[in-house]
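One file, final.cif, is given below (mmCIF, C-alpha atoms; chains and numbers go by the auth columns).
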data_upload
loop_
_atom_site.group_PDB
_atom_site.id
_atom_site.type_symbol
_atom_site.label_atom_id
_atom_site.label_comp_id
_atom_site.label_asym_id
_atom_site.label_seq_id
_atom_site.Cartn_x
_atom_site.Cartn_y
_atom_site.Cartn_z
_atom_site.B_iso_or_equiv
_atom_site.auth_seq_id
_atom_site.auth_asym_id
ATOM 1 C CA MET A 1 -43.584 15.266 -21.034 0.00 1 A
ATOM 2 C CA VAL A 2 -42.258 15.692 -17.498 0.00 2 A
ATOM 3 C CA GLY A 3 -40.463 12.337 -17.721 0.00 3 A
ATOM 4 C CA ARG A 4 -38.613 13.377 -20.864 0.00 4 A
ATOM 5 C CA SER A 5 -37.542 16.669 -19.329 0.00 5 A
ATOM 6 C CA TYR A 6 -36.256 14.866 -16.260 0.00 6 A
ATOM 7 C CA ILE A 7 -34.234 12.416 -18.376 0.00 7 A
ATOM 8 C CA ALA A 8 -32.836 15.214 -20.550 0.00 8 A
ATOM 9 C CA ALA A 9 -31.803 17.237 -17.482 0.00 9 A
ATOM 10 C CA LEU A 10 -30.187 14.182 -15.918 0.00 10 A
ATOM 11 C CA ALA A 11 -28.304 13.479 -19.160 0.00 11 A
ATOM 12 C CA ILE A 12 -27.006 17.054 -19.290 0.00 12 A
ATOM 13 C CA ILE A 13 -25.852 16.870 -15.669 0.00 13 A
ATOM 14 C CA CYS A 14 -24.046 13.584 -16.332 0.00 14 A
ATOM 15 C CA LEU A 15 -22.348 15.012 -19.422 0.00 15 A
ATOM 16 C CA CYS A 16 -21.180 18.034 -17.429 0.00 16 A
ATOM 17 C CA LEU A 17 -19.787 15.800 -14.690 0.00 17 A
ATOM 18 C CA PHE A 18 -17.952 13.598 -17.181 0.00 18 A
ATOM 19 C CA TYR A 19 -16.606 16.698 -18.935 0.00 19 A
ATOM 20 C CA HIS A 20 -15.070 17.962 -15.687 0.00 20 A
ATOM 21 C CA LEU A 21 -13.884 14.563 -14.490 0.00 21 A
ATOM 22 C CA GLU A 22 -10.183 14.003 -15.005 0.00 22 A
ATOM 23 C CA ILE A 23 -9.444 10.346 -15.499 0.00 23 A
ATOM 24 C CA THR A 24 -5.960 9.410 -14.383 0.00 24 A
ATOM 25 C CA VAL A 25 -4.446 6.175 -15.535 0.00 25 A
ATOM 26 C CA ALA A 26 -1.480 4.802 -13.617 0.00 26 A
ATOM 27 C CA THR A 27 1.685 4.149 -15.572 0.00 27 A
ATOM 28 C CA GLU A 28 3.913 1.170 -14.888 0.00 28 A
ATOM 29 C CA PHE A 29 7.652 1.908 -15.060 0.00 29 A
ATOM 30 C CA THR A 30 10.311 -0.800 -15.159 0.00 30 A
ATOM 31 C CA VAL A 31 13.116 0.646 -13.064 0.00 31 A
ATOM 32 C CA GLY A 32 16.308 0.726 -15.126 0.00 32 A
ATOM 33 C CA ASP A 33 14.336 -0.033 -18.288 0.00 33 A
ATOM 34 C CA SER A 34 15.767 -3.139 -20.020 0.00 34 A
ATOM 35 C CA ALA A 35 18.790 -3.292 -17.654 0.00 35 A
ATOM 36 C CA GLY A 36 16.496 -3.628 -14.631 0.00 36 A
ATOM 37 C CA TRP A 37 17.415 -2.846 -11.008 0.00 37 A
ATOM 38 C CA SER A 38 21.185 -2.749 -11.394 0.00 38 A
ATOM 39 C CA PHE A 39 24.296 -0.746 -10.533 0.00 39 A
ATOM 40 C CA ASN A 40 24.697 2.929 -11.539 0.00 40 A
ATOM 41 C CA ILE A 41 20.938 3.402 -11.785 0.00 41 A
ATOM 42 C CA GLU A 42 20.746 6.484 -9.587 0.00 42 A
ATOM 43 C CA ASN A 43 19.999 8.838 -12.513 0.00 43 A
ATOM 44 C CA TRP A 44 17.324 6.639 -14.113 0.00 44 A
ATOM 45 C CA PRO A 45 14.394 8.806 -12.856 0.00 45 A
ATOM 46 C CA ASN A 46 15.841 11.968 -14.459 0.00 46 A
ATOM 47 C CA GLY A 47 13.563 13.355 -17.162 0.00 47 A
ATOM 48 C CA LYS A 48 10.628 11.113 -16.246 0.00 48 A
ATOM 49 C CA SER A 49 7.315 12.362 -14.850 0.00 49 A
ATOM 50 C CA PHE A 50 5.762 10.311 -12.074 0.00 50 A
ATOM 51 C CA LYS A 51 2.296 10.618 -10.562 0.00 51 A
ATOM 52 C CA ALA A 52 0.855 9.225 -7.366 0.00 52 A
ATOM 53 C CA GLY A 53 -0.555 5.816 -8.256 0.00 53 A
ATOM 54 C CA ASP A 54 2.147 5.000 -10.812 0.00 54 A
ATOM 55 C CA VAL A 55 3.823 1.637 -10.266 0.00 55 A
ATOM 56 C CA LEU A 56 7.559 1.001 -10.186 0.00 56 A
ATOM 57 C CA VAL A 57 8.598 -2.519 -11.177 0.00 57 A
ATOM 58 C CA PHE A 58 11.979 -3.596 -9.850 0.00 58 A
ATOM 59 C CA LYS A 59 13.330 -6.521 -11.909 0.00 59 A
ATOM 60 C CA TYR A 60 16.485 -8.335 -10.807 0.00 60 A
ATOM 61 C CA GLY A 61 17.775 -11.824 -10.217 0.00 61 A
ATOM 62 C CA GLN A 62 16.267 -13.093 -6.958 0.00 62 A
ATOM 63 C CA GLY A 63 19.071 -13.228 -4.400 0.00 63 A
ATOM 64 C CA ALA A 64 21.277 -10.816 -6.381 0.00 64 A
ATOM 65 C CA HIS A 65 19.701 -7.663 -4.920 0.00 65 A
ATOM 66 C CA ASN A 66 16.787 -6.432 -2.860 0.00 66 A
ATOM 67 C CA VAL A 67 14.700 -3.264 -2.764 0.00 67 A
ATOM 68 C CA VAL A 68 14.405 -1.400 0.520 0.00 68 A
ATOM 69 C CA VAL A 69 12.085 1.567 1.028 0.00 69 A
ATOM 70 C CA VAL A 70 13.977 4.197 3.028 0.00 70 A
ATOM 71 C CA ASP A 71 13.720 7.845 3.994 0.00 71 A
ATOM 72 C CA ALA A 72 16.080 10.616 2.813 0.00 72 A
ATOM 73 C CA GLU A 73 18.549 9.813 5.595 0.00 73 A
ATOM 74 C CA GLY A 74 18.640 6.127 4.647 0.00 74 A
ATOM 75 C CA TYR A 75 19.064 7.069 0.995 0.00 75 A
ATOM 76 C CA ASN A 76 21.971 9.415 1.666 0.00 76 A
ATOM 77 C CA SER A 77 23.723 7.133 4.162 0.00 77 A
ATOM 78 C CA CYS A 78 22.876 3.848 2.385 0.00 78 A
ATOM 79 C CA LYS A 79 21.732 2.518 5.754 0.00 79 A
ATOM 80 C CA PRO A 80 18.108 1.433 6.138 0.00 80 A
ATOM 81 C CA LYS A 81 16.343 1.501 9.481 0.00 81 A
ATOM 82 C CA SER A 82 15.588 -1.877 11.043 0.00 82 A
ATOM 83 C CA ASP A 83 11.862 -1.530 10.311 0.00 83 A
ATOM 84 C CA SER A 84 12.280 -0.570 6.631 0.00 84 A
ATOM 85 C CA LYS A 85 10.084 -2.462 4.163 0.00 85 A
ATOM 86 C CA THR A 86 12.232 -4.876 2.123 0.00 86 A
ATOM 87 C CA TYR A 87 11.278 -6.587 -1.143 0.00 87 A
ATOM 88 C CA THR A 88 13.129 -9.669 -2.409 0.00 88 A
ATOM 89 C CA SER A 89 11.053 -11.312 -5.166 0.00 89 A
ATOM 90 C CA GLY A 90 13.060 -10.054 -8.140 0.00 90 A
ATOM 91 C CA ASN A 91 9.837 -8.697 -9.645 0.00 91 A
ATOM 92 C CA ASP A 92 8.703 -6.205 -7.024 0.00 92 A
ATOM 93 C CA LYS A 93 5.856 -3.789 -7.777 0.00 93 A
ATOM 94 C CA ILE A 94 5.594 -0.673 -5.643 0.00 94 A
ATOM 95 C CA THR A 95 2.848 1.936 -6.044 0.00 95 A
ATOM 96 C CA LEU A 96 4.040 5.503 -5.631 0.00 96 A
ATOM 97 C CA ALA A 97 2.458 7.916 -3.185 0.00 97 A
ATOM 98 C CA ALA A 98 2.582 11.677 -3.759 0.00 98 A
ATOM 99 C CA GLY A 99 5.919 13.166 -2.724 0.00 99 A
ATOM 100 C CA THR A 100 9.433 11.764 -2.783 0.00 100 A
ATOM 101 C CA SER A 101 10.107 8.051 -2.368 0.00 101 A
ATOM 102 C CA TYR A 102 13.538 6.543 -1.791 0.00 102 A
ATOM 103 C CA PHE A 103 14.714 3.030 -2.673 0.00 103 A
ATOM 104 C CA ILE A 104 18.060 1.325 -2.124 0.00 104 A
ATOM 105 C CA CYS A 105 19.610 -2.117 -2.314 0.00 105 A
ATOM 106 C CA SER A 106 20.862 -2.986 1.162 0.00 106 A
ATOM 107 C CA TYR A 107 23.367 -5.647 0.090 0.00 107 A
ATOM 108 C CA PRO A 108 26.887 -4.595 1.157 0.00 108 A
ATOM 109 C CA GLY A 109 28.395 -2.086 -1.278 0.00 109 A
ATOM 110 C CA HIS A 110 25.417 -2.049 -3.661 0.00 110 A
ATOM 111 C CA CYS A 111 23.849 1.246 -2.585 0.00 111 A
ATOM 112 C CA GLU A 112 27.292 2.849 -2.547 0.00 112 A
ATOM 113 C CA ALA A 113 27.662 1.693 -6.181 0.00 113 A
ATOM 114 C CA ALA A 114 24.580 3.799 -7.052 0.00 114 A
ATOM 115 C CA LEU A 115 22.029 0.997 -6.739 0.00 115 A
ATOM 116 C CA LYS A 116 19.495 3.468 -5.388 0.00 116 A
ATOM 117 C CA ILE A 117 16.864 5.821 -6.758 0.00 117 A
ATOM 118 C CA LYS A 118 14.880 8.800 -5.565 0.00 118 A
ATOM 119 C CA VAL A 119 11.502 9.367 -7.270 0.00 119 A
ATOM 120 C CA THR A 120 9.178 12.340 -6.856 0.00 120 A
ATOM 121 C CA ALA A 121 5.526 11.821 -7.762 0.00 121 A
ATOM 122 C CA SER A 122 3.027 14.654 -8.172 0.00 122 A
#

How would this structure read if it were set down as structure tokens?
Amino acid sequence: MVGRSYIAALAIICLCLFYHLEITVATEFTVGDSAGWSFNIENWPNGKSFKAGDVLVFKYGQGAHNVVVVDAEGYNSCKPKSDSKTYTSGNDKITLAAGTSYFICSYPGHCEAALKIKVTAS
């Protein structure tokens, strides 16, 4: 009888834990949707909800653009720091951290043509 009580109590505890556990599934977003990482994309994040752990996929023709992770200053000035992380595969996947992340294309004139995004993840 004691064994059954122990199993029943353990089952109830597990059910309570699962009930209170919030399972978060990461979402994968293709930046620019079907147009991909392209000019005049700056407003693409508007109206979307991002969470830490979500993945941004930057699709573009390899050699046509790049994706550079910058800070707010680099985003506003379109000038990355020399140690900024740069992606060049044409199918770059970047996992978002909580807070605001900034991405630009560092090819001459591209960032100035709104090839940049700012994404805030909760």

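Proximity of A:Ile94, A:Val67, A:Cys105, A:Ala114 to Phe29 of chain A, computed with only C-alpha atoms, is greatest for A:Ile94.
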
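Running the PyMOL selection byres ((chain A and resi 112) around 12) on this file leaves Phe39, Asn40, Ile41, Glu42, Gly74, Tyr75, Asn76, Ser77, Cys78, Lys79, Ile104, Cys105, Ser106, Tyr107, Pro108, Gly109, His110, Cys111, Ala113, Ala114, Leu115, Lys116 and Ile117 of chain A selected.
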
- Query: How far is it from atom CA of Asn43 of chain A to atom CA of Asp92 of chain A, in Å with one decimal?
  - Reply: 19.6 Å

- Task: Identify, on the basis of all atoms listed in the file, every residue whose closest approach to Val31 of chain A does not exceed 7 Å; exclude the query and any residue fewer than 5 positions from it along the same chain; express the result as a PyMOL selection string.
- Result: chain A and resi 36-37+56-58

Requested write-out: C-alpha atoms of the selected residues, as a tab-separated table (two decimals), in the coordinates of the input:
chain	number	residue	atom	x	y	z
A	36	GLY	CA	16.50	-3.63	-14.63
A	37	TRP	CA	17.42	-2.85	-11.01
A	56	LEU	CA	7.56	1.00	-10.19
A	57	VAL	CA	8.60	-2.52	-11.18
A	58	PHE	CA	11.98	-3.60	-9.85

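One distance worth recording is that between atom CA of Lys59 of chain A and atom CA of Ser122 of chain A, which is 23.8 Å.
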
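Atom to atom, atom CA of Lys118 of chain A and atom CA of Thr100 of chain A stand 6.8 Å apart.
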
Would you kindly return, as a short mmCIF file (atom, residue, chain, number, x, y, z; two decimals) with C-alpha atoms, keeping the file's coordinate frame, each protein, DNA or RNA residue with an atom no farther than 9 Å from any atom of Lys85 of chain A, considering all atoms listed in the file and excluding same-chain residues fewer than 6 positions away?
data_model
loop_
_atom_site.label_atom_id
_atom_site.label_comp_id
_atom_site.auth_asym_id
_atom_site.auth_seq_id
_atom_site.Cartn_x
_atom_site.Cartn_y
_atom_site.Cartn_z
CA VAL A 67 14.70 -3.26 -2.76
CA VAL A 68 14.40 -1.40 0.52
CA VAL A 69 12.08 1.57 1.03
CA VAL A 70 13.98 4.20 3.03
#

Export of segment 54-66 of chain A: all heavy atoms, as a PDB file, in the first residue's frame:
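After the write, part31.pdb holds the following:
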ATOM      1  N   ASP A  54      14.359  32.993 -30.565  1.00  0.00           N
ATOM      2  CA  ASP A  54      13.883  32.980 -31.950  1.00  0.00           C
ATOM      3  C   ASP A  54      15.086  33.095 -32.884  1.00  0.00           C
ATOM      4  O   ASP A  54      16.130  33.636 -32.510  1.00  0.00           O
ATOM      5  CB  ASP A  54      12.920  34.135 -32.216  1.00  0.00           C
ATOM      6  CG  ASP A  54      11.533  33.909 -31.619  1.00  0.00           C
ATOM      7  OD1 ASP A  54      11.247  32.790 -31.170  1.00  0.00           O
ATOM      8  OD2 ASP A  54      10.753  34.881 -31.603  1.00  0.00           O
ATOM      9  N   VAL A  55      14.917  32.608 -34.101  1.00  0.00           N
ATOM     10  CA  VAL A  55      16.013  32.601 -35.069  1.00  0.00           C
ATOM     11  C   VAL A  55      15.652  33.463 -36.263  1.00  0.00           C
ATOM     12  O   VAL A  55      14.568  33.307 -36.849  1.00  0.00           O
ATOM     13  CB  VAL A  55      16.317  31.158 -35.534  1.00  0.00           C
ATOM     14  CG1 VAL A  55      17.395  31.143 -36.605  1.00  0.00           C
ATOM     15  CG2 VAL A  55      16.724  30.291 -34.345  1.00  0.00           C
ATOM     16  N   LEU A  56      16.549  34.376 -36.613  1.00  0.00           N
ATOM     17  CA  LEU A  56      16.392  35.170 -37.831  1.00  0.00           C
ATOM     18  C   LEU A  56      17.201  34.501 -38.928  1.00  0.00           C
ATOM     19  O   LEU A  56      18.372  34.165 -38.729  1.00  0.00           O
ATOM     20  CB  LEU A  56      16.904  36.598 -37.627  1.00  0.00           C
ATOM     21  CG  LEU A  56      16.197  37.451 -36.577  1.00  0.00           C
ATOM     22  CD1 LEU A  56      16.791  38.854 -36.558  1.00  0.00           C
ATOM     23  CD2 LEU A  56      14.701  37.511 -36.828  1.00  0.00           C
ATOM     24  N   VAL A  57      16.585  34.308 -40.087  1.00  0.00           N
ATOM     25  CA  VAL A  57      17.264  33.730 -41.239  1.00  0.00           C
ATOM     26  C   VAL A  57      17.407  34.829 -42.279  1.00  0.00           C
ATOM     27  O   VAL A  57      16.418  35.397 -42.745  1.00  0.00           O
ATOM     28  CB  VAL A  57      16.486  32.536 -41.831  1.00  0.00           C
ATOM     29  CG1 VAL A  57      17.250  31.942 -43.008  1.00  0.00           C
ATOM     30  CG2 VAL A  57      16.230  31.486 -40.769  1.00  0.00           C
ATOM     31  N   PHE A  58      18.642  35.143 -42.610  1.00  0.00           N
ATOM     32  CA  PHE A  58      18.944  36.173 -43.598  1.00  0.00           C
ATOM     33  C   PHE A  58      19.277  35.473 -44.914  1.00  0.00           C
ATOM     34  O   PHE A  58      20.305  34.815 -45.028  1.00  0.00           O
ATOM     35  CB  PHE A  58      20.141  37.017 -43.142  1.00  0.00           C
ATOM     36  CG  PHE A  58      19.875  37.847 -41.918  1.00  0.00           C
ATOM     37  CD1 PHE A  58      19.961  37.295 -40.643  1.00  0.00           C
ATOM     38  CD2 PHE A  58      19.543  39.186 -42.035  1.00  0.00           C
ATOM     39  CE1 PHE A  58      19.727  38.061 -39.505  1.00  0.00           C
ATOM     40  CE2 PHE A  58      19.309  39.968 -40.904  1.00  0.00           C
ATOM     41  CZ  PHE A  58      19.393  39.401 -39.637  1.00  0.00           C
ATOM     42  N   LYS A  59      18.386  35.613 -45.907  1.00  0.00           N
ATOM     43  CA  LYS A  59      18.594  34.968 -47.210  1.00  0.00           C
ATOM     44  C   LYS A  59      18.909  36.039 -48.248  1.00  0.00           C
ATOM     45  O   LYS A  59      18.161  37.012 -48.389  1.00  0.00           O
ATOM     46  CB  LYS A  59      17.357  34.181 -47.618  1.00  0.00           C
ATOM     47  CG  LYS A  59      17.083  33.003 -46.710  1.00  0.00           C
ATOM     48  CD  LYS A  59      15.948  32.147 -47.226  1.00  0.00           C
ATOM     49  CE  LYS A  59      15.779  30.974 -46.286  1.00  0.00           C
ATOM     50  NZ  LYS A  59      15.202  29.830 -46.935  1.00  0.00           N
ATOM     51  N   TYR A  60      20.008  35.818 -48.975  1.00  0.00           N
ATOM     52  CA  TYR A  60      20.443  36.759 -50.008  1.00  0.00           C
ATOM     53  C   TYR A  60      21.447  36.042 -50.899  1.00  0.00           C
ATOM     54  O   TYR A  60      21.991  35.000 -50.531  1.00  0.00           O
ATOM     55  CB  TYR A  60      21.077  38.011 -49.373  1.00  0.00           C
ATOM     56  CG  TYR A  60      22.205  37.706 -48.411  1.00  0.00           C
ATOM     57  CD1 TYR A  60      23.538  37.688 -48.835  1.00  0.00           C
ATOM     58  CD2 TYR A  60      21.948  37.408 -47.074  1.00  0.00           C
ATOM     59  CE1 TYR A  60      24.573  37.387 -47.955  1.00  0.00           C
ATOM     60  CE2 TYR A  60      22.976  37.103 -46.196  1.00  0.00           C
ATOM     61  CZ  TYR A  60      24.282  37.098 -46.635  1.00  0.00           C
ATOM     62  OH  TYR A  60      25.301  36.790 -45.768  1.00  0.00           O
ATOM     63  N   GLY A  61      21.677  36.603 -52.062  1.00  0.00           N
ATOM     64  CA  GLY A  61      22.675  36.025 -52.952  1.00  0.00           C
ATOM     65  C   GLY A  61      24.066  36.205 -52.361  1.00  0.00           C
ATOM     66  O   GLY A  61      24.470  37.331 -52.043  1.00  0.00           O
ATOM     67  N   GLN A  62      24.785  35.101 -52.186  1.00  0.00           N
ATOM     68  CA  GLN A  62      26.138  35.181 -51.610  1.00  0.00           C
ATOM     69  C   GLN A  62      26.985  36.123 -52.462  1.00  0.00           C
ATOM     70  O   GLN A  62      27.017  36.014 -53.677  1.00  0.00           O
ATOM     71  CB  GLN A  62      26.762  33.797 -51.547  1.00  0.00           C
ATOM     72  CG  GLN A  62      28.032  33.758 -50.744  1.00  0.00           C
ATOM     73  CD  GLN A  62      28.572  32.330 -50.593  1.00  0.00           C
ATOM     74  OE1 GLN A  62      28.198  31.426 -51.324  1.00  0.00           O
ATOM     75  NE2 GLN A  62      29.452  32.161 -49.646  1.00  0.00           N
ATOM     76  N   GLY A  63      27.616  37.085 -51.812  1.00  0.00           N
ATOM     77  CA  GLY A  63      28.425  38.079 -52.500  1.00  0.00           C
ATOM     78  C   GLY A  63      27.664  39.354 -52.809  1.00  0.00           C
ATOM     79  O   GLY A  63      28.266  40.389 -53.083  1.00  0.00           O
ATOM     80  N   ALA A  64      26.322  39.300 -52.757  1.00  0.00           N
ATOM     81  CA  ALA A  64      25.509  40.493 -53.024  1.00  0.00           C
ATOM     82  C   ALA A  64      25.382  41.377 -51.790  1.00  0.00           C
ATOM     83  O   ALA A  64      25.257  42.600 -51.907  1.00  0.00           O
ATOM     84  CB  ALA A  64      24.119  40.092 -53.519  1.00  0.00           C
ATOM     85  N   HIS A  65      25.381  40.757 -50.617  1.00  0.00           N
ATOM     86  CA  HIS A  65      25.227  41.463 -49.344  1.00  0.00           C
ATOM     87  C   HIS A  65      26.020  40.711 -48.279  1.00  0.00           C
ATOM     88  O   HIS A  65      26.622  39.670 -48.550  1.00  0.00           O
ATOM     89  CB  HIS A  65      23.757  41.511 -48.906  1.00  0.00           C
ATOM     90  CG  HIS A  65      22.838  42.162 -49.873  1.00  0.00           C
ATOM     91  ND1 HIS A  65      22.937  43.477 -50.228  1.00  0.00           N
ATOM     92  CD2 HIS A  65      21.784  41.657 -50.568  1.00  0.00           C
ATOM     93  CE1 HIS A  65      21.989  43.773 -51.088  1.00  0.00           C
ATOM     94  NE2 HIS A  65      21.276  42.682 -51.320  1.00  0.00           N
ATOM     95  N   ASN A  66      25.959  41.234 -47.072  1.00  0.00           N
ATOM     96  CA  ASN A  66      26.417  40.527 -45.887  1.00  0.00           C
ATOM     97  C   ASN A  66      25.500  40.925 -44.740  1.00  0.00           C
ATOM     98  O   ASN A  66      24.601  41.745 -44.923  1.00  0.00           O
ATOM     99  CB  ASN A  66      27.898  40.802 -45.577  1.00  0.00           C
ATOM    100  CG  ASN A  66      28.190  42.252 -45.220  1.00  0.00           C
ATOM    101  OD1 ASN A  66      27.285  43.045 -44.958  1.00  0.00           O
ATOM    102  ND2 ASN A  66      29.444  42.619 -45.228  1.00  0.00           N
TER     103      ASN A  66
END
